[in-house]
Amino acid sequence: MRARMALKYAGIQVEHREIELRNKPHSMLIASPKGTVPVLCADGLVLDQSLDIMRWALDKSDPDGWREVDKGVSQAWIEKNDGQFKVLLDQYKYPNRFPDLSQGDVLNSAIELMLKPMEAALQSSKYLMGNKMSLVDIAIFPFIRQFAAVNPEQFDALPFSSVKTWLNQQLESDLFNSVMDKHPTWLD
Ligand SMILES: N[C@@H](CCC(=O)N[C@@H](CS)C(=O)NCC(=O)O)C(=O)O
């Protein structure tokens, strides 16, 4: 989702090949044996990390200055999201895979790690890195969207009104909605 959003924002046209994860096309695995999505083939490169695709797109065009933020702080947010928070998100999404973990503990860890710091940042500015949207908001938003969707009632009951406002603003944005269209499945 975040790779699609960055490509769209940068105005980059791609040939979009939607694939089925259960039936990965040979051409995809030839390009990227890692077998995860997204994969971007462009400029003679194969980029198979969504963050790399985002950065590649913004190197081409960054009309609203999504990368004009403090590098250390933005990197710290993204590393925390893609690292520890992603682990908690999977534990929260797939409790059957983690029978030894308590869902309450997982939720509390996610709150302490991510939601509380996000709420603090978003109480003082509209976006995570200040009053302008940045790469950090787009990189993190799909993960918070997934987190909220696991148990919407539980998420709604959390005392993080600024995070909810930020999430809703992203969900209602033209950019997000413009990348949500369905594509036919690519067959080699
Ligand atoms: N760090 C990678 C993670 C990519 C990833 O794990 N993608 C999942 C889907 S969200 C996937 O393709 N899994 C392979 C599979 O389920 O077979 C990125 O951000 O691009």
# chains A, B, ... in the order shown; residues from 1 in each chain; ligands from 1
>>> closest_atom_pairs(of="chain A", to="ligand 1", cutoff="12 Å", atoms="only C-alpha atoms and all ligand atoms", output="Markdown table")
| residue | atom | partner | partner_atom_place_in_ligand_line | distance |
| --- | --- | --- | --- | --- |
| A:Met1 | CA | ligand 1 | 10 (S) | 8.9 |
| A:Arg2 | CA | ligand 1 | 19 (O) | 8.7 |
| A:Ala3 | CA | ligand 1 | 20 (O) | 8.2 |
| A:Arg4 | CA | ligand 1 | 20 (O) | 11.3 |
| A:Glu18 | CA | ligand 1 | 12 (O) | 11.6 |
| A:Ile19 | CA | ligand 1 | 12 (O) | 9.8 |
| A:Glu20 | CA | ligand 1 | 17 (O) | 8.8 |
| A:Leu21 | CA | ligand 1 | 17 (O) | 5.0 |
| A:Arg22 | CA | ligand 1 | 17 (O) | 6.6 |
| A:Asn23 | CA | ligand 1 | 17 (O) | 8.9 |
| A:Lys24 | CA | ligand 1 | 17 (O) | 8.0 |
| A:Pro25 | CA | ligand 1 | 17 (O) | 11.6 |
| A:Met28 | CA | ligand 1 | 12 (O) | 11.2 |
| A:Leu29 | CA | ligand 1 | 17 (O) | 11.1 |
| A:Ser32 | CA | ligand 1 | 12 (O) | 10.9 |
| A:Pro33 | CA | ligand 1 | 14 (C) | 10.9 |
| A:Lys34 | CA | ligand 1 | 14 (C) | 8.3 |
| A:Gly35 | CA | ligand 1 | 14 (C) | 5.9 |
| A:Thr36 | CA | ligand 1 | 12 (O) | 3.0 |
| A:Val37 | CA | ligand 1 | 12 (O) | 3.9 |
| A:Pro38 | CA | ligand 1 | 20 (O) | 5.5 |
| A:Val39 | CA | ligand 1 | 20 (O) | 7.6 |
| A:Leu40 | CA | ligand 1 | 20 (O) | 10.1 |
| A:Val46 | CA | ligand 1 | 20 (O) | 12.0 |
| A:Leu47 | CA | ligand 1 | 20 (O) | 8.7 |
| A:Asp48 | CA | ligand 1 | 20 (O) | 5.8 |
| A:Gln49 | CA | ligand 1 | 20 (O) | 3.5 |
| A:Ser50 | CA | ligand 1 | 20 (O) | 3.8 |
| A:Leu51 | CA | ligand 1 | 19 (O) | 6.0 |
| A:Asp52 | CA | ligand 1 | 20 (O) | 8.0 |
| A:Ile53 | CA | ligand 1 | 20 (O) | 8.3 |
| A:Met54 | CA | ligand 1 | 19 (O) | 9.9 |
| A:Ile78 | CA | ligand 1 | 19 (O) | 10.9 |
| A:Glu79 | CA | ligand 1 | 1 (N) | 11.0 |
| A:Asn81 | CA | ligand 1 | 19 (O) | 10.8 |
| A:Asp82 | CA | ligand 1 | 1 (N) | 7.4 |
| A:Gly83 | CA | ligand 1 | 1 (N) | 9.3 |
| A:Lys86 | CA | ligand 1 | 1 (N) | 9.6 |
| A:Val87 | CA | ligand 1 | 6 (O) | 11.7 |
| A:Asp90 | CA | ligand 1 | 10 (S) | 10.9 |
| A:Ala139 | CA | ligand 1 | 19 (O) | 9.3 |
| A:Ile140 | CA | ligand 1 | 19 (O) | 10.9 |
| A:Pro142 | CA | ligand 1 | 10 (S) | 10.4 |
| A:Phe143 | CA | ligand 1 | 10 (S) | 10.2 |
| A:Gln146 | CA | ligand 1 | 10 (S) | 10.9 |
>>> residues_around(residues="segment 161-177 of chain A", least_positions_apart="3", cutoff="10 Å", atoms="only C-alpha atoms", output="PyMOL selection string")
chain A and resi 1-2+4-6+8-9+115-128+137-138+141-142+144-145+148+155-158+180-181
>>> write_last_selection(atoms="N, CA and C atoms", output="mmCIF file, in the first residue's frame")
data_model
loop_
_atom_site.group_PDB
_atom_site.id
_atom_site.type_symbol
_atom_site.label_atom_id
_atom_site.label_comp_id
_atom_site.auth_asym_id
_atom_site.auth_seq_id
_atom_site.Cartn_x
_atom_site.Cartn_y
_atom_site.Cartn_z
ATOM 1 N N MET A 1 0.821 -1.191 0.000
ATOM 2 C CA MET A 1 0.000 0.000 0.000
ATOM 3 C C MET A 1 0.874 1.268 0.000
ATOM 4 N N ARG A 2 1.907 1.236 0.867
ATOM 5 C CA ARG A 2 2.746 2.442 0.956
ATOM 6 C C ARG A 2 3.589 2.627 -0.296
ATOM 7 N N ARG A 4 2.623 1.699 -3.338
ATOM 8 C CA ARG A 4 1.684 2.228 -4.332
ATOM 9 C C ARG A 4 1.445 3.722 -4.109
ATOM 10 N N MET A 5 1.283 4.104 -2.841
ATOM 11 C CA MET A 5 1.000 5.521 -2.549
ATOM 12 C C MET A 5 2.184 6.405 -2.966
ATOM 13 N N ALA A 6 3.402 5.963 -2.686
ATOM 14 C CA ALA A 6 4.560 6.787 -3.049
ATOM 15 C C ALA A 6 4.694 6.895 -4.565
ATOM 16 N N LYS A 8 2.289 6.697 -6.763
ATOM 17 C CA LYS A 8 1.196 7.565 -7.240
ATOM 18 C C LYS A 8 1.523 9.036 -6.962
ATOM 19 N N TYR A 9 1.972 9.308 -5.740
ATOM 20 C CA TYR A 9 2.317 10.671 -5.339
ATOM 21 C C TYR A 9 3.413 11.246 -6.245
ATOM 22 N N LEU A 115 1.634 3.385 19.980
ATOM 23 C CA LEU A 115 0.458 4.251 19.984
ATOM 24 C C LEU A 115 0.639 5.451 20.919
ATOM 25 N N LYS A 116 1.251 5.226 22.084
ATOM 26 C CA LYS A 116 1.458 6.372 22.986
ATOM 27 C C LYS A 116 2.418 7.402 22.387
ATOM 28 N N PRO A 117 3.577 6.981 21.879
ATOM 29 C CA PRO A 117 4.460 7.974 21.252
ATOM 30 C C PRO A 117 3.808 8.668 20.048
ATOM 31 N N MET A 118 3.011 7.923 19.290
ATOM 32 C CA MET A 118 2.326 8.563 18.152
ATOM 33 C C MET A 118 1.325 9.600 18.652
ATOM 34 N N GLU A 119 0.576 9.235 19.698
ATOM 35 C CA GLU A 119 -0.418 10.172 20.234
ATOM 36 C C GLU A 119 0.267 11.461 20.711
ATOM 37 N N ALA A 120 1.417 11.298 21.381
ATOM 38 C CA ALA A 120 2.136 12.480 21.877
ATOM 39 C C ALA A 120 2.574 13.359 20.705
ATOM 40 N N ALA A 121 3.111 12.729 19.666
ATOM 41 C CA ALA A 121 3.574 13.515 18.508
ATOM 42 C C ALA A 121 2.395 14.208 17.822
ATOM 43 N N LEU A 122 1.271 13.467 17.688
ATOM 44 C CA LEU A 122 0.132 13.993 16.930
ATOM 45 C C LEU A 122 -0.715 14.967 17.737
ATOM 46 N N GLN A 123 -0.451 15.027 19.038
ATOM 47 C CA GLN A 123 -1.131 16.080 19.818
ATOM 48 C C GLN A 123 -0.445 17.418 19.600
ATOM 49 N N SER A 124 0.849 17.387 19.272
ATOM 50 C CA SER A 124 1.519 18.677 19.085
ATOM 51 C C SER A 124 1.597 19.091 17.618
ATOM 52 N N SER A 125 1.376 18.162 16.691
ATOM 53 C CA SER A 125 1.337 18.563 15.282
ATOM 54 C C SER A 125 0.424 17.616 14.515
ATOM 55 N N LYS A 126 0.000 18.070 13.345
ATOM 56 C CA LYS A 126 -1.005 17.303 12.600
ATOM 57 C C LYS A 126 -0.434 15.978 12.070
ATOM 58 N N TYR A 127 0.865 15.988 11.779
ATOM 59 C CA TYR A 127 1.513 14.784 11.236
ATOM 60 C C TYR A 127 2.656 14.373 12.154
ATOM 61 N N LEU A 128 3.189 13.193 11.890
ATOM 62 C CA LEU A 128 4.184 12.655 12.827
ATOM 63 C C LEU A 128 5.459 13.484 12.866
ATOM 64 N N ASP A 137 4.603 9.369 7.753
ATOM 65 C CA ASP A 137 3.158 9.123 7.877
ATOM 66 C C ASP A 137 2.724 8.016 6.915
ATOM 67 N N ILE A 138 3.204 8.098 5.691
ATOM 68 C CA ILE A 138 2.763 7.123 4.682
ATOM 69 C C ILE A 138 3.375 5.754 4.954
ATOM 70 N N PHE A 141 1.323 4.461 8.235
ATOM 71 C CA PHE A 141 -0.146 4.413 8.243
ATOM 72 C C PHE A 141 -0.738 3.032 7.893
ATOM 73 N N PRO A 142 -0.233 2.312 6.869
ATOM 74 C CA PRO A 142 -0.873 1.022 6.575
ATOM 75 C C PRO A 142 -0.776 0.022 7.724
ATOM 76 N N ILE A 144 -0.829 0.840 11.006
ATOM 77 C CA ILE A 144 -1.812 1.250 12.020
ATOM 78 C C ILE A 144 -3.215 0.908 11.520
ATOM 79 N N ARG A 145 -3.418 1.053 10.233
ATOM 80 C CA ARG A 145 -4.712 0.662 9.645
ATOM 81 C C ARG A 145 -4.983 -0.815 9.917
ATOM 82 N N ALA A 148 -5.705 -1.374 13.657
ATOM 83 C CA ALA A 148 -7.050 -0.935 14.048
ATOM 84 C C ALA A 148 -8.110 -1.902 13.539
ATOM 85 N N PHE A 155 -10.030 -0.916 19.357
ATOM 86 C CA PHE A 155 -9.227 0.241 18.949
ATOM 87 C C PHE A 155 -9.986 1.540 19.236
ATOM 88 N N ASP A 156 -11.274 1.548 18.919
ATOM 89 C CA ASP A 156 -12.087 2.755 19.156
ATOM 90 C C ASP A 156 -12.126 3.143 20.629
ATOM 91 N N ALA A 157 -12.007 2.131 21.484
ATOM 92 C CA ALA A 157 -12.102 2.410 22.926
ATOM 93 C C ALA A 157 -10.780 2.937 23.501
ATOM 94 N N LEU A 158 -9.709 2.900 22.727
ATOM 95 C CA LEU A 158 -8.407 3.366 23.243
ATOM 96 C C LEU A 158 -8.391 4.902 23.307
ATOM 97 N N MET A 180 -6.483 2.095 -4.108
ATOM 98 C CA MET A 180 -7.223 0.947 -3.587
ATOM 99 C C MET A 180 -8.013 0.203 -4.664
ATOM 100 N N ASP A 181 -7.885 0.657 -5.910
ATOM 101 C CA ASP A 181 -8.673 -0.004 -6.947
ATOM 102 C C ASP A 181 -8.161 -1.429 -7.182
#
>>> closest_residue(among="A:Met133, A:Pro152, A:Cys41, A:Val73", to="Ser27 of chain A", atoms="only C-alpha atoms")
A:Cys41
>>> residues_around(residues="Lys60 of chain A", least_positions_apart="6", cutoff="10 Å", atoms="only C-alpha atoms", output="NGL selection string")
:A and (7 or 10-12)
>>> atom_distance(atom1="atom CA of Asp62 of chain A", atom2="atom CA of Gly44 of chain A")
21.4 Å
>>> select_by_dssp(residues="chain A", states="helix (DSSP H, G or I)", output="number ranges by chain")
A: 2-9, 26-31, 50-60, 71-93, 95-97, 103-124, 135-150, 152-156, 161-171, 174-178
>>> select_by_dssp(residues="chain A", states="strand (DSSP E or B)", output="PDB file with C-alpha atoms, in the first residue's frame")
ATOM      1  CA  GLU A  18      -1.431  -8.010  -9.166  1.00  0.00           C
ATOM      2  CA  GLU A  20      -1.828 -14.276  -5.949  1.00  0.00           C
ATOM      3  CA  ASN A  23       0.258 -18.909  -6.898  1.00  0.00           C
ATOM      4  CA  LEU A  40       9.322  -3.033  -8.595  1.00  0.00           C
ATOM      5  CA  CYS A  41      11.348  -3.611 -11.746  1.00  0.00           C
ATOM      6  CA  ALA A  42      12.579  -0.280 -13.097  1.00  0.00           C
ATOM      7  CA  LEU A  45      16.821  -2.486 -10.812  1.00  0.00           C
ATOM      8  CA  VAL A  46      14.719  -4.975  -8.885  1.00  0.00           C
ATOM      9  CA  LEU A  47      13.444  -3.393  -5.677  1.00  0.00           C
ATOM     10  CA  TYR A 127       1.513  14.784  11.236  1.00  0.00           C
ATOM     11  CA  GLY A 130       5.353  18.249  12.033  1.00  0.00           C
ATOM     12  CA  THR A 185      -4.583 -11.108 -11.427  1.00  0.00           C
TER      13      THR A 185
END
>>> closest_residue(among="A:Phe160, A:Leu135, A:Phe147, A:Leu187", to="Val69 of chain A", atoms="only C-alpha atoms")
A:Leu135
>>> atom_distance(atom1="atom CA of Asp43 of chain A", atom2="atom CA of Gly65 of chain A")
22.8 Å
>>> residues_around(residues="Gln84 of chain A", least_positions_apart="6", cutoff="10 Å", atoms="only C-alpha atoms", output="PyMOL selection string")
chain A and resi 109-110+113-114
>>> atom_distance(atom1="atom CA of Asn108 of chain A", atom2="atom CA of Tyr92 of chain A")
10.6 Å
>>> decode(residues="segment 51-155 of chain A", atoms="C-alpha atoms", output="tab-separated table (two decimals), in the first residue's frame")
chain	number	residue	atom	x	y	z
A	51	LEU	CA	10.58	1.25	1.66
A	52	ASP	CA	13.16	1.03	-1.13
A	53	ILE	CA	10.36	1.51	-3.65
A	54	MET	CA	9.12	4.56	-1.73
A	55	ARG	CA	12.59	6.10	-1.62
A	56	TRP	CA	13.21	5.32	-5.29
A	57	ALA	CA	9.92	7.05	-6.20
A	58	LEU	CA	10.67	10.11	-4.07
A	59	ASP	CA	14.15	10.37	-5.58
A	60	LYS	CA	12.37	10.80	-8.92
A	61	SER	CA	9.81	13.30	-7.72
A	62	ASP	CA	8.82	14.67	-4.33
A	63	PRO	CA	6.45	17.55	-5.10
A	64	ASP	CA	5.37	18.27	-1.51
A	65	GLY	CA	8.71	17.55	0.15
A	66	TRP	CA	7.88	14.29	1.90
A	67	ARG	CA	11.57	13.74	2.51
A	68	GLU	CA	12.25	17.21	3.89
A	69	VAL	CA	12.32	15.97	7.46
A	70	ASP	CA	14.95	15.20	10.06
A	71	LYS	CA	16.62	12.02	8.80
A	72	GLY	CA	17.47	10.61	12.23
A	73	VAL	CA	13.99	11.08	13.70
A	74	SER	CA	12.20	9.81	10.60
A	75	GLN	CA	14.46	6.78	10.37
A	76	ALA	CA	13.83	6.00	14.05
A	77	TRP	CA	10.03	6.02	13.54
A	78	ILE	CA	10.25	3.79	10.48
A	79	GLU	CA	12.68	1.34	12.08
A	80	LYS	CA	10.48	1.02	15.15
A	81	ASN	CA	7.43	0.46	12.94
A	82	ASP	CA	9.00	-2.05	10.57
A	83	GLY	CA	10.86	-3.80	13.37
A	84	GLN	CA	9.31	-4.22	16.81
A	85	PHE	CA	5.84	-2.96	15.91
A	86	LYS	CA	5.53	-5.31	12.92
A	87	VAL	CA	6.29	-8.23	15.25
A	88	LEU	CA	3.52	-7.11	17.62
A	89	LEU	CA	1.13	-6.50	14.74
A	90	ASP	CA	1.57	-10.09	13.55
A	91	GLN	CA	1.08	-11.39	17.10
A	92	TYR	CA	-2.07	-9.30	17.44
A	93	LYS	CA	-3.42	-10.28	14.00
A	94	TYR	CA	-2.70	-13.99	14.25
A	95	PRO	CA	-3.19	-15.04	17.90
A	96	ASN	CA	-3.54	-18.71	16.83
A	97	ARG	CA	0.09	-18.67	15.73
A	98	PHE	CA	1.19	-17.45	19.16
A	99	PRO	CA	-0.78	-19.54	21.66
A	100	ASP	CA	1.62	-18.72	24.50
A	101	LEU	CA	1.04	-14.97	24.24
A	102	SER	CA	-1.74	-13.06	25.94
A	103	GLN	CA	-3.59	-10.71	23.60
A	104	GLY	CA	-3.83	-8.18	26.40
A	105	ASP	CA	-0.04	-8.18	26.81
A	106	VAL	CA	0.47	-7.82	23.07
A	107	LEU	CA	-1.96	-4.90	22.94
A	108	ASN	CA	-0.26	-3.21	25.89
A	109	SER	CA	3.16	-3.63	24.32
A	110	ALA	CA	1.89	-2.08	21.08
A	111	ILE	CA	0.38	0.81	23.03
A	112	GLU	CA	3.61	1.53	24.89
A	113	LEU	CA	5.85	1.07	21.87
A	114	MET	CA	3.90	2.87	19.19
A	115	LEU	CA	0.46	4.25	19.98
A	116	LYS	CA	1.46	6.37	22.99
A	117	PRO	CA	4.46	7.97	21.25
A	118	MET	CA	2.33	8.56	18.15
A	119	GLU	CA	-0.42	10.17	20.23
A	120	ALA	CA	2.14	12.48	21.88
A	121	ALA	CA	3.57	13.52	18.51
A	122	LEU	CA	0.13	13.99	16.93
A	123	GLN	CA	-1.13	16.08	19.82
A	124	SER	CA	1.52	18.68	19.08
A	125	SER	CA	1.34	18.56	15.28
A	126	LYS	CA	-1.01	17.30	12.60
A	127	TYR	CA	1.51	14.78	11.24
A	128	LEU	CA	4.18	12.65	12.83
A	129	MET	CA	7.05	14.86	11.70
A	130	GLY	CA	5.35	18.25	12.03
A	131	ASN	CA	2.59	20.13	10.30
A	132	LYS	CA	3.36	18.70	6.88
A	133	MET	CA	2.80	15.15	5.73
A	134	SER	CA	5.98	13.17	5.21
A	135	LEU	CA	7.33	9.81	4.20
A	136	VAL	CA	6.96	8.71	7.83
A	137	ASP	CA	3.16	9.12	7.88
A	138	ILE	CA	2.76	7.12	4.68
A	139	ALA	CA	5.26	4.44	5.73
A	140	ILE	CA	3.51	3.86	9.07
A	141	PHE	CA	-0.15	4.41	8.24
A	142	PRO	CA	-0.87	1.02	6.57
A	143	PHE	CA	0.41	-0.77	9.68
A	144	ILE	CA	-1.81	1.25	12.02
A	145	ARG	CA	-4.71	0.66	9.64
A	146	GLN	CA	-4.16	-3.08	9.92
A	147	PHE	CA	-3.78	-2.85	13.68
A	148	ALA	CA	-7.05	-0.94	14.05
A	149	ALA	CA	-8.86	-3.38	11.76
A	150	VAL	CA	-8.07	-6.45	13.91
A	151	ASN	CA	-10.58	-5.39	16.56
A	152	PRO	CA	-12.17	-2.05	15.62
A	153	GLU	CA	-14.21	-1.81	18.82
A	154	GLN	CA	-11.15	-2.33	20.98
A	155	PHE	CA	-9.23	0.24	18.95
